[in-house]
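Containing PDB, C-alpha atoms: run_39.pdb.
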```pdb
ATOM      1  CA  MET A   1     -64.213  69.696 -58.719  1.00  0.00           C
ATOM      2  CA  ASP A   2     -64.981  66.359 -57.044  1.00  0.00           C
ATOM      3  CA  ILE A   3     -61.505  65.072 -57.923  1.00  0.00           C
ATOM      4  CA  ILE A   4     -59.845  68.052 -56.237  1.00  0.00           C
ATOM      5  CA  TYR A   5     -62.091  67.537 -53.205  1.00  0.00           C
ATOM      6  CA  VAL A   6     -61.136  63.835 -52.983  1.00  0.00           C
ATOM      7  CA  ILE A   7     -57.429  64.710 -53.292  1.00  0.00           C
ATOM      8  CA  PHE A   8     -57.812  67.228 -50.477  1.00  0.00           C
ATOM      9  CA  LEU A   9     -59.630  64.715 -48.257  1.00  0.00           C
ATOM     10  CA  SER A  10     -57.091  61.966 -49.051  1.00  0.00           C
ATOM     11  CA  LEU A  11     -54.217  64.180 -47.978  1.00  0.00           C
ATOM     12  CA  GLY A  12     -56.178  65.156 -44.878  1.00  0.00           C
ATOM     13  CA  SER A  13     -56.851  61.509 -43.968  1.00  0.00           C
ATOM     14  CA  LEU A  14     -53.155  60.663 -44.454  1.00  0.00           C
ATOM     15  CA  LEU A  15     -52.184  63.545 -42.187  1.00  0.00           C
ATOM     16  CA  ALA A  16     -54.694  62.393 -39.571  1.00  0.00           C
ATOM     17  CA  LEU A  17     -53.364  58.820 -39.779  1.00  0.00           C
ATOM     18  CA  PHE A  18     -49.779  60.075 -39.416  1.00  0.00           C
ATOM     19  CA  ILE A  19     -50.628  62.122 -36.324  1.00  0.00           C
ATOM     20  CA  LEU A  20     -52.630  59.279 -34.757  1.00  0.00           C
ATOM     21  CA  THR A  21     -49.789  56.837 -35.428  1.00  0.00           C
ATOM     22  CA  LYS A  22     -47.351  59.141 -33.672  1.00  0.00           C
ATOM     23  CA  ILE A  23     -49.705  59.433 -30.699  1.00  0.00           C
ATOM     24  CA  MET A  24     -50.529  55.728 -30.503  1.00  0.00           C
ATOM     25  CA  GLY A  25     -46.986  54.508 -31.173  1.00  0.00           C
ATOM     26  CA  TYR A  26     -46.172  51.929 -33.812  1.00  0.00           C
ATOM     27  CA  ARG A  27     -45.068  48.333 -33.611  1.00  0.00           C
ATOM     28  CA  GLN A  28     -44.357  45.601 -36.088  1.00  0.00           C
ATOM     29  CA  MET A  29     -47.291  43.442 -37.107  1.00  0.00           C
ATOM     30  CA  SER A  30     -45.793  40.481 -35.232  1.00  0.00           C
ATOM     31  CA  GLU A  31     -45.702  42.562 -32.027  1.00  0.00           C
ATOM     32  CA  MET A  32     -49.299  43.773 -32.213  1.00  0.00           C
ATOM     33  CA  SER A  33     -52.001  42.359 -29.984  1.00  0.00           C
ATOM     34  CA  MET A  34     -55.299  41.291 -31.508  1.00  0.00           C
ATOM     35  CA  PHE A  35     -56.890  44.520 -30.271  1.00  0.00           C
ATOM     36  CA  ASP A  36     -54.125  46.623 -31.862  1.00  0.00           C
ATOM     37  CA  TYR A  37     -54.571  44.759 -35.143  1.00  0.00           C
ATOM     38  CA  ILE A  38     -58.353  45.188 -35.250  1.00  0.00           C
ATOM     39  CA  ASN A  39     -58.099  48.823 -34.155  1.00  0.00           C
ATOM     40  CA  GLY A  40     -55.568  49.554 -36.904  1.00  0.00           C
ATOM     41  CA  ILE A  41     -57.806  48.005 -39.577  1.00  0.00           C
ATOM     42  CA  THR A  42     -60.808  49.961 -38.310  1.00  0.00           C
ATOM     43  CA  ILE A  43     -58.984  53.303 -38.328  1.00  0.00           C
ATOM     44  CA  GLY A  44     -57.672  52.567 -41.847  1.00  0.00           C
ATOM     45  CA  SER A  45     -61.191  51.790 -43.062  1.00  0.00           C
ATOM     46  CA  ILE A  46     -62.533  55.011 -41.587  1.00  0.00           C
ATOM     47  CA  ALA A  47     -59.686  56.959 -43.205  1.00  0.00           C
ATOM     48  CA  ALA A  48     -60.576  55.427 -46.588  1.00  0.00           C
ATOM     49  CA  GLU A  49     -64.206  56.421 -46.079  1.00  0.00           C
ATOM     50  CA  MET A  50     -63.138  59.946 -45.220  1.00  0.00           C
ATOM     51  CA  ALA A  51     -60.939  60.170 -48.331  1.00  0.00           C
ATOM     52  CA  THR A  52     -63.804  59.256 -50.657  1.00  0.00           C
ATOM     53  CA  SER A  53     -66.548  61.187 -48.892  1.00  0.00           C
ATOM     54  CA  LEU A  54     -68.071  63.622 -51.372  1.00  0.00           C
ATOM     55  CA  GLU A  55     -70.516  65.013 -48.848  1.00  0.00           C
ATOM     56  CA  SER A  56     -69.861  67.890 -46.487  1.00  0.00           C
ATOM     57  CA  ASP A  57     -69.841  65.610 -43.426  1.00  0.00           C
ATOM     58  CA  TRP A  58     -66.187  64.565 -43.794  1.00  0.00           C
ATOM     59  CA  TRP A  59     -65.639  65.627 -40.199  1.00  0.00           C
ATOM     60  CA  LEU A  60     -67.742  62.674 -38.977  1.00  0.00           C
ATOM     61  CA  PRO A  61     -65.252  59.944 -40.017  1.00  0.00           C
ATOM     62  CA  LEU A  62     -62.409  62.222 -38.836  1.00  0.00           C
ATOM     63  CA  THR A  63     -64.062  62.386 -35.415  1.00  0.00           C
ATOM     64  CA  ALA A  64     -64.415  58.593 -35.388  1.00  0.00           C
ATOM     65  CA  MET A  65     -60.708  58.202 -36.226  1.00  0.00           C
ATOM     66  CA  ILE A  66     -59.748  60.500 -33.376  1.00  0.00           C
ATOM     67  CA  VAL A  67     -62.014  58.625 -30.942  1.00  0.00           C
ATOM     68  CA  TYR A  68     -60.508  55.263 -31.952  1.00  0.00           C
ATOM     69  CA  GLY A  69     -56.983  56.648 -31.733  1.00  0.00           C
ATOM     70  CA  LEU A  70     -57.447  58.249 -28.321  1.00  0.00           C
ATOM     71  CA  THR A  71     -59.192  55.147 -26.989  1.00  0.00           C
ATOM     72  CA  ALA A  72     -56.304  52.960 -28.161  1.00  0.00           C
ATOM     73  CA  THR A  73     -53.833  55.360 -26.530  1.00  0.00           C
ATOM     74  CA  PHE A  74     -55.774  55.269 -23.270  1.00  0.00           C
ATOM     75  CA  LEU A  75     -55.903  51.462 -23.270  1.00  0.00           C
ATOM     76  CA  SER A  76     -52.190  51.357 -24.057  1.00  0.00           C
ATOM     77  CA  TYR A  77     -51.568  53.524 -20.990  1.00  0.00           C
ATOM     78  CA  ILE A  78     -53.645  51.138 -18.876  1.00  0.00           C
ATOM     79  CA  THR A  79     -51.617  48.145 -20.072  1.00  0.00           C
ATOM     80  CA  LEU A  80     -48.435  49.975 -19.033  1.00  0.00           C
ATOM     81  CA  LYS A  81     -49.665  50.828 -15.547  1.00  0.00           C
ATOM     82  CA  SER A  82     -51.855  47.847 -14.603  1.00  0.00           C
ATOM     83  CA  MET A  83     -50.959  44.160 -14.713  1.00  0.00           C
ATOM     84  CA  ALA A  84     -54.625  43.170 -14.510  1.00  0.00           C
ATOM     85  CA  GLY A  85     -55.487  45.593 -17.306  1.00  0.00           C
ATOM     86  CA  ARG A  86     -52.617  44.268 -19.425  1.00  0.00           C
ATOM     87  CA  ARG A  87     -53.835  40.695 -19.067  1.00  0.00           C
ATOM     88  CA  LEU A  88     -57.424  41.707 -19.828  1.00  0.00           C
ATOM     89  CA  ILE A  89     -56.596  43.803 -22.910  1.00  0.00           C
ATOM     90  CA  SER A  90     -53.481  42.132 -24.344  1.00  0.00           C
ATOM     91  CA  GLY A  91     -53.918  38.649 -22.922  1.00  0.00           C
ATOM     92  CA  LYS A  92     -51.262  36.484 -21.285  1.00  0.00           C
ATOM     93  CA  PRO A  93     -48.958  33.721 -22.518  1.00  0.00           C
ATOM     94  CA  LEU A  94     -50.250  30.169 -22.666  1.00  0.00           C
ATOM     95  CA  ILE A  95     -48.042  27.186 -21.867  1.00  0.00           C
ATOM     96  CA  LEU A  96     -48.553  24.720 -24.713  1.00  0.00           C
ATOM     97  CA  MET A  97     -45.902  22.252 -23.576  1.00  0.00           C
ATOM     98  CA  ASN A  98     -43.760  21.918 -20.479  1.00  0.00           C
ATOM     99  CA  GLN A  99     -41.508  19.062 -19.336  1.00  0.00           C
ATOM    100  CA  ASP A 100     -42.690  16.758 -22.138  1.00  0.00           C
ATOM    101  CA  ILE A 101     -46.377  17.353 -21.344  1.00  0.00           C
ATOM    102  CA  ILE A 102     -48.550  18.866 -24.093  1.00  0.00           C
ATOM    103  CA  TYR A 103     -51.523  20.783 -22.724  1.00  0.00           C
ATOM    104  CA  GLU A 104     -54.393  20.128 -25.119  1.00  0.00           C
ATOM    105  CA  LYS A 105     -56.766  22.541 -23.381  1.00  0.00           C
ATOM    106  CA  ASN A 106     -54.304  25.401 -23.888  1.00  0.00           C
ATOM    107  CA  LEU A 107     -53.924  24.419 -27.551  1.00  0.00           C
ATOM    108  CA  LEU A 108     -57.705  24.646 -27.872  1.00  0.00           C
ATOM    109  CA  LYS A 109     -57.827  27.908 -25.934  1.00  0.00           C
ATOM    110  CA  GLY A 110     -55.151  29.445 -28.139  1.00  0.00           C
ATOM    111  CA  LYS A 111     -56.917  28.243 -31.333  1.00  0.00           C
ATOM    112  CA  ILE A 112     -53.796  26.398 -32.471  1.00  0.00           C
ATOM    113  CA  ASP A 113     -53.702  22.724 -33.448  1.00  0.00           C
ATOM    114  CA  LEU A 114     -50.907  20.252 -32.879  1.00  0.00           C
ATOM    115  CA  SER A 115     -49.827  20.237 -36.538  1.00  0.00           C
ATOM    116  CA  GLU A 116     -49.377  24.020 -36.567  1.00  0.00           C
ATOM    117  CA  MET A 117     -47.375  23.889 -33.346  1.00  0.00           C
ATOM    118  CA  LEU A 118     -45.083  21.229 -34.801  1.00  0.00           C
ATOM    119  CA  MET A 119     -44.669  23.296 -37.978  1.00  0.00           C
ATOM    120  CA  GLN A 120     -43.656  26.353 -35.946  1.00  0.00           C
ATOM    121  CA  CYS A 121     -41.149  24.188 -34.065  1.00  0.00           C
ATOM    122  CA  ARG A 122     -39.579  23.084 -37.358  1.00  0.00           C
ATOM    123  CA  VAL A 123     -39.526  26.639 -38.734  1.00  0.00           C
ATOM    124  CA  ASN A 124     -37.554  27.689 -35.658  1.00  0.00           C
ATOM    125  CA  GLY A 125     -35.090  24.814 -36.006  1.00  0.00           C
ATOM    126  CA  TYR A 126     -36.548  22.286 -33.585  1.00  0.00           C
ATOM    127  CA  PHE A 127     -37.425  19.053 -35.379  1.00  0.00           C
ATOM    128  CA  SER A 128     -37.994  17.036 -32.213  1.00  0.00           C
ATOM    129  CA  LEU A 129     -40.167  18.029 -29.256  1.00  0.00           C
ATOM    130  CA  SER A 130     -37.755  16.125 -27.033  1.00  0.00           C
ATOM    131  CA  ASP A 131     -35.269  18.991 -27.585  1.00  0.00           C
ATOM    132  CA  LEU A 132     -37.632  21.482 -25.936  1.00  0.00           C
ATOM    133  CA  GLN A 133     -38.360  22.163 -22.290  1.00  0.00           C
ATOM    134  CA  THR A 134     -41.202  24.662 -22.753  1.00  0.00           C
ATOM    135  CA  ILE A 135     -43.316  26.074 -25.600  1.00  0.00           C
ATOM    136  CA  LEU A 136     -45.270  29.287 -24.993  1.00  0.00           C
ATOM    137  CA  LEU A 137     -47.974  30.925 -27.085  1.00  0.00           C
ATOM    138  CA  GLU A 138     -47.427  34.661 -26.686  1.00  0.00           C
ATOM    139  CA  PRO A 139     -50.319  37.180 -26.660  1.00  0.00           C
ATOM    140  CA  ASN A 140     -49.270  38.390 -30.153  1.00  0.00           C
ATOM    141  CA  GLY A 141     -49.763  34.874 -31.577  1.00  0.00           C
ATOM    142  CA  ARG A 142     -46.075  33.921 -31.850  1.00  0.00           C
ATOM    143  CA  LEU A 143     -44.532  30.854 -30.236  1.00  0.00           C
ATOM    144  CA  SER A 144     -41.561  31.090 -27.875  1.00  0.00           C
ATOM    145  CA  PHE A 145     -39.278  28.121 -27.277  1.00  0.00           C
ATOM    146  CA  LEU A 146     -37.096  27.197 -24.300  1.00  0.00           C
ATOM    147  CA  PRO A 147     -34.673  24.414 -25.299  1.00  0.00           C
ATOM    148  CA  LYS A 148     -33.473  21.858 -22.813  1.00  0.00           C
ATOM    149  CA  SER A 149     -30.135  22.734 -21.262  1.00  0.00           C
ATOM    150  CA  ASP A 150     -28.214  20.139 -23.280  1.00  0.00           C
ATOM    151  CA  LYS A 151     -29.801  21.306 -26.543  1.00  0.00           C
ATOM    152  CA  ARG A 152     -29.372  25.068 -26.306  1.00  0.00           C
ATOM    153  CA  PRO A 153     -26.473  26.873 -28.040  1.00  0.00           C
ATOM    154  CA  VAL A 154     -23.270  27.219 -26.031  1.00  0.00           C
ATOM    155  CA  ASN A 155     -22.727  30.691 -24.560  1.00  0.00           C
ATOM    156  CA  PRO A 156     -19.277  32.203 -23.901  1.00  0.00           C
ATOM    157  CA  SER A 157     -20.096  32.167 -20.179  1.00  0.00           C
ATOM    158  CA  ASP A 158     -20.486  28.376 -20.353  1.00  0.00           C
ATOM    159  CA  LEU A 159     -16.848  28.202 -21.451  1.00  0.00           C
ATOM    160  CA  GLN A 160     -15.802  30.885 -18.957  1.00  0.00           C
ATOM    161  CA  LEU A 161     -14.881  33.242 -21.784  1.00  0.00           C
ATOM    162  CA  THR A 162     -15.198  37.023 -21.744  1.00  0.00           C
ATOM    163  CA  PRO A 163     -15.422  38.153 -25.370  1.00  0.00           C
ATOM    164  CA  GLN A 164     -15.033  41.829 -26.195  1.00  0.00           C
ATOM    165  CA  GLN A 165     -18.286  43.745 -26.336  1.00  0.00           C
ATOM    166  CA  ASP A 166     -19.477  44.741 -29.817  1.00  0.00           C
ATOM    167  CA  PHE A 167     -20.759  48.252 -30.463  1.00  0.00           C
ATOM    168  CA  LEU A 168     -22.689  49.963 -33.224  1.00  0.00           C
ATOM    169  CA  VAL A 169     -20.730  51.016 -36.270  1.00  0.00           C
ATOM    170  CA  ALA A 170     -21.069  54.462 -37.825  1.00  0.00           C
ATOM    171  CA  ASN A 171     -22.062  54.798 -41.466  1.00  0.00           C
ATOM    172  CA  VAL A 172     -19.633  57.411 -42.779  1.00  0.00           C
ATOM    173  CA  ILE A 173     -20.441  57.110 -46.497  1.00  0.00           C
ATOM    174  CA  ILE A 174     -23.817  56.158 -47.945  1.00  0.00           C
ATOM    175  CA  ASP A 175     -24.307  55.935 -51.702  1.00  0.00           C
ATOM    176  CA  GLY A 176     -21.360  58.226 -52.420  1.00  0.00           C
ATOM    177  CA  HIS A 177     -22.374  60.873 -49.870  1.00  0.00           C
ATOM    178  CA  VAL A 178     -20.165  61.589 -46.856  1.00  0.00           C
ATOM    179  CA  MET A 179     -22.137  61.567 -43.589  1.00  0.00           C
ATOM    180  CA  GLU A 180     -20.289  64.435 -41.926  1.00  0.00           C
ATOM    181  CA  GLU A 181     -22.285  64.356 -38.683  1.00  0.00           C
ATOM    182  CA  ASN A 182     -21.484  60.668 -38.232  1.00  0.00           C
ATOM    183  CA  LEU A 183     -17.820  61.431 -38.857  1.00  0.00           C
ATOM    184  CA  LEU A 184     -17.889  64.111 -36.164  1.00  0.00           C
ATOM    185  CA  HIS A 185     -19.533  61.706 -33.694  1.00  0.00           C
ATOM    186  CA  ALA A 186     -16.725  59.249 -34.444  1.00  0.00           C
ATOM    187  CA  GLY A 187     -14.175  61.992 -33.785  1.00  0.00           C
ATOM    188  CA  LYS A 188     -12.982  62.055 -37.402  1.00  0.00           C
ATOM    189  CA  ASP A 189     -13.088  64.395 -40.384  1.00  0.00           C
ATOM    190  CA  LYS A 190     -12.983  64.271 -44.174  1.00  0.00           C
ATOM    191  CA  ASN A 191      -9.198  64.398 -44.289  1.00  0.00           C
ATOM    192  CA  TRP A 192      -8.942  61.263 -42.180  1.00  0.00           C
ATOM    193  CA  LEU A 193     -11.567  59.590 -44.332  1.00  0.00           C
ATOM    194  CA  PHE A 194      -9.749  60.517 -47.529  1.00  0.00           C
ATOM    195  CA  LYS A 195      -6.484  59.037 -46.192  1.00  0.00           C
ATOM    196  CA  GLN A 196      -8.291  55.797 -45.410  1.00  0.00           C
ATOM    197  CA  MET A 197      -9.671  55.751 -48.945  1.00  0.00           C
ATOM    198  CA  ASN A 198      -6.240  56.300 -50.463  1.00  0.00           C
ATOM    199  CA  SER A 199      -4.836  53.381 -48.461  1.00  0.00           C
ATOM    200  CA  GLN A 200      -7.368  51.158 -50.230  1.00  0.00           C
ATOM    201  CA  ASN A 201      -6.922  52.735 -53.679  1.00  0.00           C
ATOM    202  CA  ILE A 202     -10.281  54.490 -53.668  1.00  0.00           C
ATOM    203  CA  ARG A 203      -9.995  57.911 -55.311  1.00  0.00           C
ATOM    204  CA  ASP A 204     -13.491  59.354 -55.070  1.00  0.00           C
ATOM    205  CA  PHE A 205     -16.279  59.273 -52.477  1.00  0.00           C
ATOM    206  CA  ARG A 206     -18.736  58.646 -55.289  1.00  0.00           C
ATOM    207  CA  GLU A 207     -17.131  55.270 -55.929  1.00  0.00           C
ATOM    208  CA  VAL A 208     -18.259  54.045 -52.490  1.00  0.00           C
ATOM    209  CA  LEU A 209     -21.694  52.553 -51.910  1.00  0.00           C
ATOM    210  CA  LEU A 210     -21.208  52.192 -48.152  1.00  0.00           C
ATOM    211  CA  ALA A 211     -18.404  52.799 -45.646  1.00  0.00           C
ATOM    212  CA  THR A 212     -18.599  51.951 -41.947  1.00  0.00           C
ATOM    213  CA  CYS A 213     -16.321  52.809 -39.018  1.00  0.00           C
ATOM    214  CA  ASP A 214     -16.304  50.947 -35.681  1.00  0.00           C
ATOM    215  CA  MET A 215     -15.141  51.951 -32.185  1.00  0.00           C
ATOM    216  CA  GLN A 216     -11.603  50.751 -32.947  1.00  0.00           C
ATOM    217  CA  ASN A 217     -11.441  53.120 -35.950  1.00  0.00           C
ATOM    218  CA  LYS A 218     -11.528  50.190 -38.337  1.00  0.00           C
ATOM    219  CA  ILE A 219     -13.143  51.387 -41.548  1.00  0.00           C
ATOM    220  CA  THR A 220     -14.683  49.086 -44.134  1.00  0.00           C
ATOM    221  CA  PHE A 221     -15.477  50.208 -47.684  1.00  0.00           C
ATOM    222  CA  TYR A 222     -18.065  48.628 -49.976  1.00  0.00           C
ATOM    223  CA  PRO A 223     -17.360  50.012 -53.483  1.00  0.00           C
ATOM    224  CA  LYS A 224     -20.066  50.450 -56.055  1.00  0.00           C
ATOM    225  CA  THR A 225     -20.184  47.781 -58.731  1.00  0.00           C
ATOM    226  CA  HIS A 226     -22.257  47.358 -61.843  1.00  0.00           C
ATOM    227  CA  LYS A 227     -21.469  43.679 -62.137  1.00  0.00           C
ATOM    228  CA  GLU A 228     -24.208  41.103 -61.852  1.00  0.00           C
ATOM    229  CA  MET A 229     -23.900  37.904 -59.846  1.00  0.00           C
ATOM    230  CA  THR A 230     -24.523  35.247 -62.495  1.00  0.00           C
ATOM    231  CA  LYS A 231     -23.725  32.174 -60.419  1.00  0.00           C
ATOM    232  CA  ASP A 232     -26.674  31.401 -58.193  1.00  0.00           C
ATOM    233  CA  VAL A 233     -25.396  29.385 -55.239  1.00  0.00           C
ATOM    234  CA  LEU A 234     -28.843  29.272 -53.638  1.00  0.00           C
ATOM    235  CA  ASP A 235     -30.462  26.908 -56.144  1.00  0.00           C
TER     236      ASP A 235
END
```
Could you spell out this file's structure in structure tokens?
Amino acid sequence: MDIIYVIFLSLGSLLALFILTKIMGYRQMSEMSMFDYINGITIGSIAAEMATSLESDWWLPLTAMIVYGLTATFLSYITLKSMAGRRLISGKPLILMNQDIIYEKNLLKGKIDLSEMLMQCRVNGYFSLSDLQTILLEPNGRLSFLPKSDKRPVNPSDLQLTPQQDFLVANVIIDGHVMEENLLHAGKDKNWLFKQMNSQNIRDFREVLLATCDMQNKITFYPKTHKEMTKDVLD
């Protein structure tokens, strides 16, 4: 009987977590503020307690989850509407280096040492601080880099070029299944798709792992294969 009760509570806690996540919104771990991270851990811990509660007071941890979730939603609303509230709750960026000056006090304030900053520079492709104009520590703990003008990648506008804008491609076949709605959005149908397959000697939709179609009606097929790549060029 206890096992059935735990299963019921586990499903209930998962449902509560799902609803709270939808209400609170969800971001990648790298985009979460410290408050978001701690709040997420706390709600998960309460959900685990609710799932294993064999007493009749399961509604107490559920109430706590709801309170945490609503509070996080309210604070998120404040950060959207108030600059002062955003800086108080989420924090603000710290300038770690600017114009060849490293600010030690900001390194200390951000709890990051010089070695870690240099490592993050190397990970992002900057092996010399002289290549960088500014280094920022963002509120989510990530570093942002502004290269000096003579070290940044060349943009088409620098060469006075106007390249054609790229657009999203439509997935028209996925794992052998024709995505008919995507075909309709692209203004095509199965007959058109089958003609394109025939032109590339593909006889059956099930032979295709993925097929994409761009705005210029260029379709690319990725056939299924059971071969294994034996030559490892990454060693």
Q | Two-atom distance - atom CA of Leu80 of chain A, atom CA of Leu108 of chain A (Å) | A |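 If I compute the distance from atom CA of Leu80 of chain A to atom CA of Leu108 of chain A, I get 28.4 Å.
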(Q) Using all atoms listed in the file, which protein or nucleic acid residues come within 12 Å of Ala186 of chain A? Drop anything in the same chain fewer than 6 positions from it, and give the result as a ChimeraX atom specification. (A) /A:168-172,179-180,192-193,212-219
Q) So which residues get picked by the PyMOL selection byres ((chain A and resi 127-140) around 6) here, written as a PyMOL selection string? A) chain A and resi 31-33+91-99+122+126+141-148
Using the chain letters and residue numbers of this document, give as a PDB file with C-alpha atoms, keeping the file's coordinate frame the residues selected by the PyMOL selection byres ((chain A and resi 205-208) around 10).
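Generated file (expr-v1.pdb):
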```pdb
ATOM      1  CA  ILE A 173     -20.441  57.110 -46.497  1.00  0.00           C
ATOM      2  CA  ILE A 174     -23.817  56.158 -47.945  1.00  0.00           C
ATOM      3  CA  ASP A 175     -24.307  55.935 -51.702  1.00  0.00           C
ATOM      4  CA  GLY A 176     -21.360  58.226 -52.420  1.00  0.00           C
ATOM      5  CA  HIS A 177     -22.374  60.873 -49.870  1.00  0.00           C
ATOM      6  CA  VAL A 178     -20.165  61.589 -46.856  1.00  0.00           C
ATOM      7  CA  LEU A 193     -11.567  59.590 -44.332  1.00  0.00           C
ATOM      8  CA  PHE A 194      -9.749  60.517 -47.529  1.00  0.00           C
ATOM      9  CA  MET A 197      -9.671  55.751 -48.945  1.00  0.00           C
ATOM     10  CA  ILE A 202     -10.281  54.490 -53.668  1.00  0.00           C
ATOM     11  CA  ARG A 203      -9.995  57.911 -55.311  1.00  0.00           C
ATOM     12  CA  ASP A 204     -13.491  59.354 -55.070  1.00  0.00           C
ATOM     13  CA  LEU A 209     -21.694  52.553 -51.910  1.00  0.00           C
ATOM     14  CA  LEU A 210     -21.208  52.192 -48.152  1.00  0.00           C
ATOM     15  CA  ALA A 211     -18.404  52.799 -45.646  1.00  0.00           C
ATOM     16  CA  PHE A 221     -15.477  50.208 -47.684  1.00  0.00           C
ATOM     17  CA  TYR A 222     -18.065  48.628 -49.976  1.00  0.00           C
ATOM     18  CA  PRO A 223     -17.360  50.012 -53.483  1.00  0.00           C
ATOM     19  CA  LYS A 224     -20.066  50.450 -56.055  1.00  0.00           C
ATOM     20  CA  THR A 225     -20.184  47.781 -58.731  1.00  0.00           C
TER      21      THR A 225
END
```
Q: Kindly give the distance, in Å, that separates atom CA of Leu15 of chain A and atom CA of Thr71 of chain A, rounded to a single decimal.
A: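 Distance reported for this atom pair: 18.7 Å.
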Q. At what distance in Å, to one decimal, does atom CA of Ile112 of chain A lie from atom CA of Asp100 of chain A?
A.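 So the two atoms, atom CA of Asp100 of chain A and atom CA of Ile112 of chain A, lie 18.0 Å apart.
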Residue IDs satisfying the PyMOL selection byres ((chain A and resi 43) around 10), as a PDB file with C-alpha atoms, in the coordinates of the input:
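Output file expr30.pdb follows:
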```
ATOM      1  CA  LEU A  17     -53.364  58.820 -39.779  1.00  0.00           C
ATOM      2  CA  LEU A  20     -52.630  59.279 -34.757  1.00  0.00           C
ATOM      3  CA  ILE A  38     -58.353  45.188 -35.250  1.00  0.00           C
ATOM      4  CA  ASN A  39     -58.099  48.823 -34.155  1.00  0.00           C
ATOM      5  CA  GLY A  40     -55.568  49.554 -36.904  1.00  0.00           C
ATOM      6  CA  ILE A  41     -57.806  48.005 -39.577  1.00  0.00           C
ATOM      7  CA  THR A  42     -60.808  49.961 -38.310  1.00  0.00           C
ATOM      8  CA  GLY A  44     -57.672  52.567 -41.847  1.00  0.00           C
ATOM      9  CA  SER A  45     -61.191  51.790 -43.062  1.00  0.00           C
ATOM     10  CA  ILE A  46     -62.533  55.011 -41.587  1.00  0.00           C
ATOM     11  CA  ALA A  47     -59.686  56.959 -43.205  1.00  0.00           C
ATOM     12  CA  ALA A  48     -60.576  55.427 -46.588  1.00  0.00           C
ATOM     13  CA  GLU A  49     -64.206  56.421 -46.079  1.00  0.00           C
ATOM     14  CA  PRO A  61     -65.252  59.944 -40.017  1.00  0.00           C
ATOM     15  CA  LEU A  62     -62.409  62.222 -38.836  1.00  0.00           C
ATOM     16  CA  ALA A  64     -64.415  58.593 -35.388  1.00  0.00           C
ATOM     17  CA  MET A  65     -60.708  58.202 -36.226  1.00  0.00           C
ATOM     18  CA  ILE A  66     -59.748  60.500 -33.376  1.00  0.00           C
ATOM     19  CA  VAL A  67     -62.014  58.625 -30.942  1.00  0.00           C
ATOM     20  CA  TYR A  68     -60.508  55.263 -31.952  1.00  0.00           C
ATOM     21  CA  GLY A  69     -56.983  56.648 -31.733  1.00  0.00           C
TER      22      GLY A  69
END
```
